[in-house]
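Printed here is upload-v1.txt (compact mmCIF, C-alpha atoms):
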```txt
# COMPACT_ATOMS: atom_id res chain seq x y z
CA MET A 8 147.36 131.83 159.45
CA ILE A 9 143.83 131.51 158.07
CA LYS A 10 141.28 129.13 159.53
CA TYR A 11 138.09 128.42 157.63
CA ASP A 12 135.01 126.54 158.82
CA PHE A 13 133.01 125.05 155.95
CA LYS A 14 129.35 125.46 156.92
CA VAL A 15 127.86 125.17 153.44
CA ASN A 16 127.02 121.93 151.68
CA PRO A 17 130.50 120.66 150.72
CA TRP A 18 129.27 119.35 147.36
CA GLN A 19 128.04 122.78 146.31
CA VAL A 20 131.34 123.93 144.87
CA ILE A 21 131.23 125.37 141.34
CA GLU A 22 134.31 125.26 139.14
CA GLN A 23 133.51 128.60 137.48
CA ASN A 24 133.63 130.34 140.88
CA PHE A 25 137.38 129.83 141.28
CA PRO A 26 138.64 133.27 142.47
CA ARG A 27 141.44 133.79 139.93
CA GLU A 28 141.64 137.52 140.63
CA LYS A 29 141.66 137.18 144.42
CA ASP A 30 144.70 136.79 146.65
CA VAL A 31 146.40 133.42 147.06
CA ALA A 32 144.69 132.70 150.39
CA GLN A 33 141.23 132.92 148.80
CA ARG A 34 142.33 130.63 145.98
CA LEU A 35 143.70 128.08 148.43
CA ILE A 36 140.49 128.18 150.48
CA PHE A 37 138.61 127.37 147.28
CA LEU A 38 140.93 124.40 146.58
CA LEU A 39 140.28 123.04 150.06
CA ARG A 40 136.62 122.67 149.16
CA TYR A 41 137.74 119.88 146.83
CA ALA A 42 140.06 118.37 149.43
CA ILE A 43 137.24 117.80 151.92
CA LEU A 44 135.25 115.77 149.38
CA ALA A 45 137.77 112.93 149.72
CA PRO A 46 136.73 109.50 150.98
CA SER A 47 137.83 108.43 154.46
CA ASN A 48 137.51 105.41 156.72
CA HIS A 49 133.97 105.38 158.26
CA ASN A 50 133.68 108.86 156.70
CA THR A 51 135.48 110.19 159.80
CA GLN A 52 137.25 112.93 157.76
CA PRO A 53 140.27 112.94 160.13
CA TRP A 54 141.96 116.03 158.75
CA LYS A 55 142.50 119.72 159.46
CA PHE A 56 144.00 122.44 157.27
CA ALA A 57 145.78 125.72 157.84
CA ILE A 58 146.78 128.32 155.25
CA ILE A 59 149.97 130.30 155.82
CA GLU A 60 150.60 132.71 152.95
CA ASP A 61 151.12 130.46 149.86
CA GLU A 62 151.21 127.21 151.82
CA VAL A 63 148.57 124.73 152.92
CA ARG A 64 149.42 122.64 155.94
CA VAL A 65 147.59 119.33 156.29
CA TYR A 66 147.13 118.00 159.82
CA ALA A 67 145.87 114.76 161.33
CA ASN A 68 142.80 115.24 163.51
CA PHE A 69 143.31 112.60 166.18
CA ASP A 70 139.89 113.35 167.67
CA ARG A 71 138.56 111.44 164.65
CA TRP A 72 140.99 108.54 164.87
CA LEU A 73 139.39 105.07 165.05
CA LYS A 74 141.44 103.83 168.00
CA VAL A 75 140.06 100.27 167.88
CA ALA A 76 139.53 99.61 164.18
CA ASP A 77 142.70 101.45 163.18
CA ALA A 78 145.04 101.02 166.13
CA GLU A 79 148.16 101.61 164.01
CA GLN A 80 146.71 104.77 162.37
CA ARG A 81 147.26 103.32 158.90
CA ASP A 82 143.72 104.07 157.68
CA LEU A 83 143.88 107.51 159.26
CA HIS A 84 146.93 108.44 157.18
CA ILE A 85 145.47 106.86 154.04
CA SER A 86 142.34 108.99 154.54
CA ILE A 87 144.42 112.15 154.97
CA GLY A 88 146.34 111.20 151.83
CA CYS A 89 143.07 111.06 149.90
CA ALA A 90 142.26 114.62 150.94
CA LEU A 91 145.77 115.73 149.97
CA GLU A 92 145.38 114.07 146.58
CA ASN A 93 142.09 115.90 145.95
CA LEU A 94 143.84 119.14 146.84
CA LEU A 95 146.64 118.49 144.32
CA ILE A 96 144.20 117.40 141.60
CA ALA A 97 142.27 120.66 142.03
CA ALA A 98 145.47 122.72 142.10
CA GLU A 99 146.66 121.26 138.79
CA HIS A 100 143.25 121.80 137.23
CA PHE A 101 143.35 125.51 138.10
CA GLY A 102 146.96 125.94 136.95
CA LEU A 103 148.72 126.03 140.31
CA ALA A 104 152.16 124.46 140.61
CA HIS A 105 152.82 122.72 143.92
CA GLN A 106 155.59 121.22 146.01
CA VAL A 107 154.75 118.73 148.76
CA THR A 108 156.89 118.10 151.82
CA TYR A 109 155.75 115.11 153.86
CA PHE A 110 156.07 115.28 157.64
CA PRO A 111 158.19 118.45 157.56
CA GLU A 112 158.56 118.61 161.34
CA ALA A 113 159.93 115.35 162.69
CA LYS A 114 158.63 115.93 166.23
CA ASN A 115 155.16 117.08 165.14
CA ARG A 116 153.21 113.93 164.29
CA LYS A 117 150.05 115.94 163.62
CA LEU A 118 151.57 117.81 160.66
CA VAL A 119 151.30 115.33 157.80
CA ALA A 120 152.23 117.56 154.84
CA ALA A 121 153.08 121.11 153.84
CA VAL A 122 152.20 122.14 150.28
CA LYS A 123 153.67 125.24 148.64
CA PHE A 124 151.67 126.69 145.75
CA ALA A 125 152.49 129.08 142.91
CA GLN A 126 150.55 130.27 139.87
CA SER A 127 152.03 128.72 136.74
CA ASP A 128 151.76 129.73 133.07
CA ILE A 129 152.27 126.07 132.19
CA ALA A 130 149.67 123.94 133.92
CA PRO A 131 151.19 120.99 135.81
CA SER A 132 150.33 117.61 134.28
CA PHE A 133 151.38 115.00 136.82
CA ARG A 134 147.82 113.68 137.02
CA ASP A 135 145.22 112.80 134.42
CA PRO A 136 143.03 115.93 133.94
CA ALA A 137 139.94 113.71 133.99
CA LEU A 138 140.55 113.05 137.71
CA PHE A 139 139.23 116.53 138.52
CA TYR A 140 135.75 115.58 137.32
CA ALA A 141 136.05 112.16 138.95
CA VAL A 142 136.09 113.93 142.33
CA PHE A 143 132.36 114.60 141.93
CA ALA A 144 131.59 111.27 140.24
CA ARG A 145 132.82 109.32 143.27
CA HIS A 146 130.15 107.29 145.02
CA THR A 147 129.86 104.16 147.13
CA ASN A 148 128.27 101.09 145.57
CA ARG A 149 128.01 97.99 147.75
CA ASN A 150 126.14 95.92 145.16
CA PRO A 151 127.76 92.86 143.52
CA TYR A 152 129.87 93.55 140.45
CA GLU A 153 128.73 92.96 136.89
CA ASP A 154 129.60 89.59 135.41
CA ARG A 155 131.99 90.78 132.70
CA PRO A 156 135.78 90.66 132.49
CA ILE A 157 138.16 93.61 132.67
CA SER A 158 140.24 93.85 129.51
CA GLU A 159 144.01 93.62 129.72
CA GLU A 160 144.25 97.15 128.34
CA ASP A 161 141.99 98.51 131.09
CA GLN A 162 144.06 96.67 133.69
CA ARG A 163 147.25 98.20 132.27
CA GLN A 164 145.70 101.66 132.42
CA LEU A 165 144.71 101.14 136.04
CA GLN A 166 148.19 99.96 136.95
CA ALA A 167 149.71 102.94 135.12
CA CYS A 168 147.89 105.28 137.52
CA CYS A 169 150.52 104.45 140.15
CA PHE A 170 153.10 107.13 139.42
CA GLU A 171 154.59 107.48 142.91
CA LYS A 172 157.95 105.76 143.35
CA GLY A 173 157.71 102.48 145.25
CA VAL A 174 153.95 102.06 144.68
CA ALA A 175 152.38 99.41 142.44
CA LEU A 176 148.94 97.93 141.74
CA ARG A 177 148.83 94.14 141.47
CA MET A 178 145.79 92.61 139.76
CA THR A 179 144.66 89.05 139.19
CA SER A 180 141.56 87.31 137.83
CA ASP A 181 142.61 83.96 139.29
CA LEU A 182 139.65 82.36 141.09
CA GLU A 183 141.76 80.51 143.63
CA SER A 184 143.52 83.73 144.66
CA ARG A 185 140.15 85.39 145.25
CA ARG A 186 139.00 82.43 147.33
CA LYS A 187 142.07 82.73 149.56
CA ALA A 188 141.52 86.47 149.95
CA ASP A 189 137.84 85.82 150.72
CA ALA A 190 138.81 83.41 153.51
CA LEU A 191 141.09 86.04 155.06
CA VAL A 192 138.43 88.75 154.86
CA SER A 193 135.79 86.47 156.45
CA ARG A 194 138.17 85.62 159.27
CA ALA A 195 138.96 89.31 159.81
CA ASP A 196 135.24 90.18 159.97
CA ALA A 197 134.68 87.46 162.57
CA ILE A 198 137.57 88.68 164.73
CA GLN A 199 136.53 92.35 164.56
CA PHE A 200 132.85 91.86 165.29
CA SER A 201 133.60 89.55 168.22
CA ASP A 202 135.31 92.54 169.88
CA ALA A 203 132.82 94.58 171.91
CA ALA A 204 135.09 97.65 171.74
CA PHE A 205 135.10 97.48 167.93
CA ARG A 206 131.29 97.22 167.85
CA GLU A 207 130.96 100.15 170.24
CA GLU A 208 133.26 102.33 168.14
CA LEU A 209 131.49 101.39 164.92
CA ALA A 210 128.11 102.04 166.54
CA TYR A 211 129.18 105.52 167.65
CA TRP A 212 130.12 106.57 164.10
CA ILE A 213 126.99 104.99 162.62
CA GLY A 214 124.98 107.03 165.12
CA GLN A 215 126.69 110.20 163.90
CA GLY A 216 125.13 109.57 160.48
CA VAL A 217 128.50 109.27 158.74
CA PHE A 218 127.12 106.77 156.22
CA GLY A 219 124.47 109.17 154.96
CA THR A 220 121.50 107.39 156.52
CA PRO A 221 118.49 109.32 157.94
CA TRP A 222 118.65 110.14 161.66
CA LEU A 223 116.20 107.46 162.87
CA LEU A 224 117.77 104.71 160.77
CA ALA A 225 121.23 105.77 161.94
CA LYS A 226 120.16 105.48 165.60
CA LEU A 227 118.53 102.08 165.05
CA SER A 228 121.64 100.88 163.25
CA GLN A 229 123.74 102.20 166.12
CA LEU A 230 121.80 100.02 168.58
CA ALA A 231 122.13 96.98 166.33
CA ALA A 232 125.88 97.44 165.93
CA SER A 233 126.32 97.89 169.69
CA TYR A 234 124.49 94.80 170.87
CA LEU A 235 124.54 92.33 167.98
CA ASP A 236 127.46 90.34 166.62
CA LEU A 237 127.06 91.15 162.93
CA GLY A 238 130.23 89.34 161.92
CA LYS A 239 128.45 86.67 159.86
CA TYR A 240 126.35 89.28 158.06
CA ALA A 241 129.40 91.45 157.31
CA ALA A 242 131.39 88.42 156.14
CA LYS A 243 128.57 87.34 153.81
CA GLU A 244 128.26 90.83 152.31
CA ASP A 245 132.02 91.17 151.85
CA SER A 246 132.27 87.69 150.36
CA ASP A 247 129.51 88.38 147.83
CA LEU A 248 131.31 91.52 146.70
CA LEU A 249 134.75 89.96 146.49
CA MET A 250 133.70 86.77 144.72
CA SER A 251 131.55 88.63 142.19
CA ALA A 252 134.48 90.85 141.19
CA PRO A 253 136.08 90.02 137.82
CA ALA A 254 139.50 90.84 139.23
CA PHE A 255 141.18 91.22 142.60
CA ALA A 256 143.56 94.14 143.09
CA VAL A 257 146.06 94.96 145.81
CA LEU A 258 147.77 98.33 146.10
CA CYS A 259 151.31 97.73 147.34
CA SER A 260 154.23 99.83 148.51
CA VAL A 261 157.85 98.94 149.13
CA GLU A 262 157.72 100.60 152.56
CA ASN A 263 154.95 100.67 155.17
CA ASP A 264 155.86 103.94 156.87
CA ARG A 265 153.62 106.97 157.32
CA GLU A 266 154.81 108.71 154.16
CA SER A 267 154.13 105.61 152.05
CA GLN A 268 150.64 105.32 153.51
CA VAL A 269 149.85 108.94 152.62
CA LYS A 270 151.26 108.53 149.10
CA ASN A 271 149.50 105.20 148.58
CA SER A 272 146.12 106.74 149.17
CA GLY A 273 146.52 109.07 146.20
CA ASN A 274 146.96 106.08 143.94
CA ALA A 275 144.12 104.25 145.70
CA ARG A 276 141.62 106.86 144.60
```

Once you've parsed the file, please lay out its structure as structure tokens.
Amino acid sequence: MIKYDFKVNPWQVIEQNFPREKDVAQRLIFLLRYAILAPSNHNTQPWKFAIIEDEVRVYANFDRWLKVADAEQRDLHISIGCALENLLIAAEHFGLAHQVTYFPEAKNRKLVAAVKFAQSDIAPSFRDPALFYAVFARHTNRNPYEDRPISEEDQRQLQACCFEKGVALRMTSDLESRRKADALVSRADAIQFSDAAFREELAYWIGQGVFGTPWLLAKLSQLAASYLDLGKYAAKEDSDLLMSAPAFAVLCSVENDRESQVKNSGNAR
């Protein structure tokens, strides 16, 4: 088993440095540098990896589980699924075939997936090749959306990205549907921020600088989140975003089990 601690800037990974002539373990370590660039809830990055010969094992890191905000561990598994998806996108880009087994050990809830890899003369094409470059283009934008519609063709292309069985993307531009969703989100914000335990948990992660803010601002924000009920502010910000959107989308799955949550996250990216 190989364990690797990434001390360098995670975004400083260069495609041309892929170690094609090195052993499989070195190639898999390189692929993991793409996996860790995945988005996660509160940027907690609740994952761990182990390499055993030609296999990468993906584990849940429960030390980074948001016990209040994510009591059912749904967001934790979605976050892990995003890292797994990045890993598979990178593997296909570099010509590695893969086979994923979800939760291979029924009694080991930490082991989320085991991925077998093999060099392939025919590059796998399950995913759009452009997704590899989208890994680096990902960024967070909390500004209101532009006031222009999404074409039906673009909506169809987005919905076609859901290739996993039992997963679908539902989209609507109906104003009344967005208003109903907005009311639910505002109510959820009010309930969460009225909970002192939720505010304390959020404040802790803000103080860790997970949102990319400078140290002093992170600490000031931590104090504000701890002692102030920011529910109205959060609801206003979320409402502005949702109501400015030209369309409202919901990613759905037939089942709501752990495997579906992990698979859903790949489509969510």

Taking 4 positions as the minimum chain separation for residues in the same chain, which residues sit within 12 Å of A:Leu165 when counting all atoms listed in the file? Answer as a ChimeraX atom specification.
/A:135,157-161,169-170,175-178,254,256-258,274-276

How many Å lie between atom CA of A:Asp245 and atom CA of A:Ala78, rounded to one decimal?
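Atom-to-atom, atom CA of A:Asp245 to atom CA of A:Ala78, that is 21.7 Å.
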
As a check of understanding: the span from atom CA of A:Ala137 to atom CA of A:Gln164 is 13.4 Å

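Each of A:Arg34, A:Arg163, A:Arg27, A:Lys239 was compared to A:Phe200 using only C-alpha atoms, and A:Lys239 turns out to be the nearest.
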
Do a neighbour search on stretch 41-45 of chain A at 8 Å with only C-alpha atoms, toss out local chain neighbours closer than 6 positions, and write the hits as a JSON list (two decimals) with C-alpha atoms, keeping the file's coordinate frame.
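Ended up saving to out.json:
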```
[["chain", "number", "residue", "atom", "x", "y", "z"],
["A", 17, "PRO", "CA", 130.50, 120.66, 150.72],
["A", 18, "TRP", "CA", 129.27, 119.35, 147.36],
["A", 20, "VAL", "CA", 131.34, 123.93, 144.87],
["A", 52, "GLN", "CA", 137.25, 112.93, 157.76],
["A", 86, "SER", "CA", 142.34, 108.99, 154.54],
["A", 89, "CYS", "CA", 143.07, 111.06, 149.90],
["A", 90, "ALA", "CA", 142.26, 114.62, 150.94],
["A", 91, "LEU", "CA", 145.77, 115.73, 149.97],
["A", 92, "GLU", "CA", 145.38, 114.07, 146.58],
["A", 93, "ASN", "CA", 142.09, 115.90, 145.95],
["A", 94, "LEU", "CA", 143.84, 119.14, 146.84],
["A", 97, "ALA", "CA", 142.27, 120.66, 142.03],
["A", 142, "VAL", "CA", 136.09, 113.93, 142.33]]
```
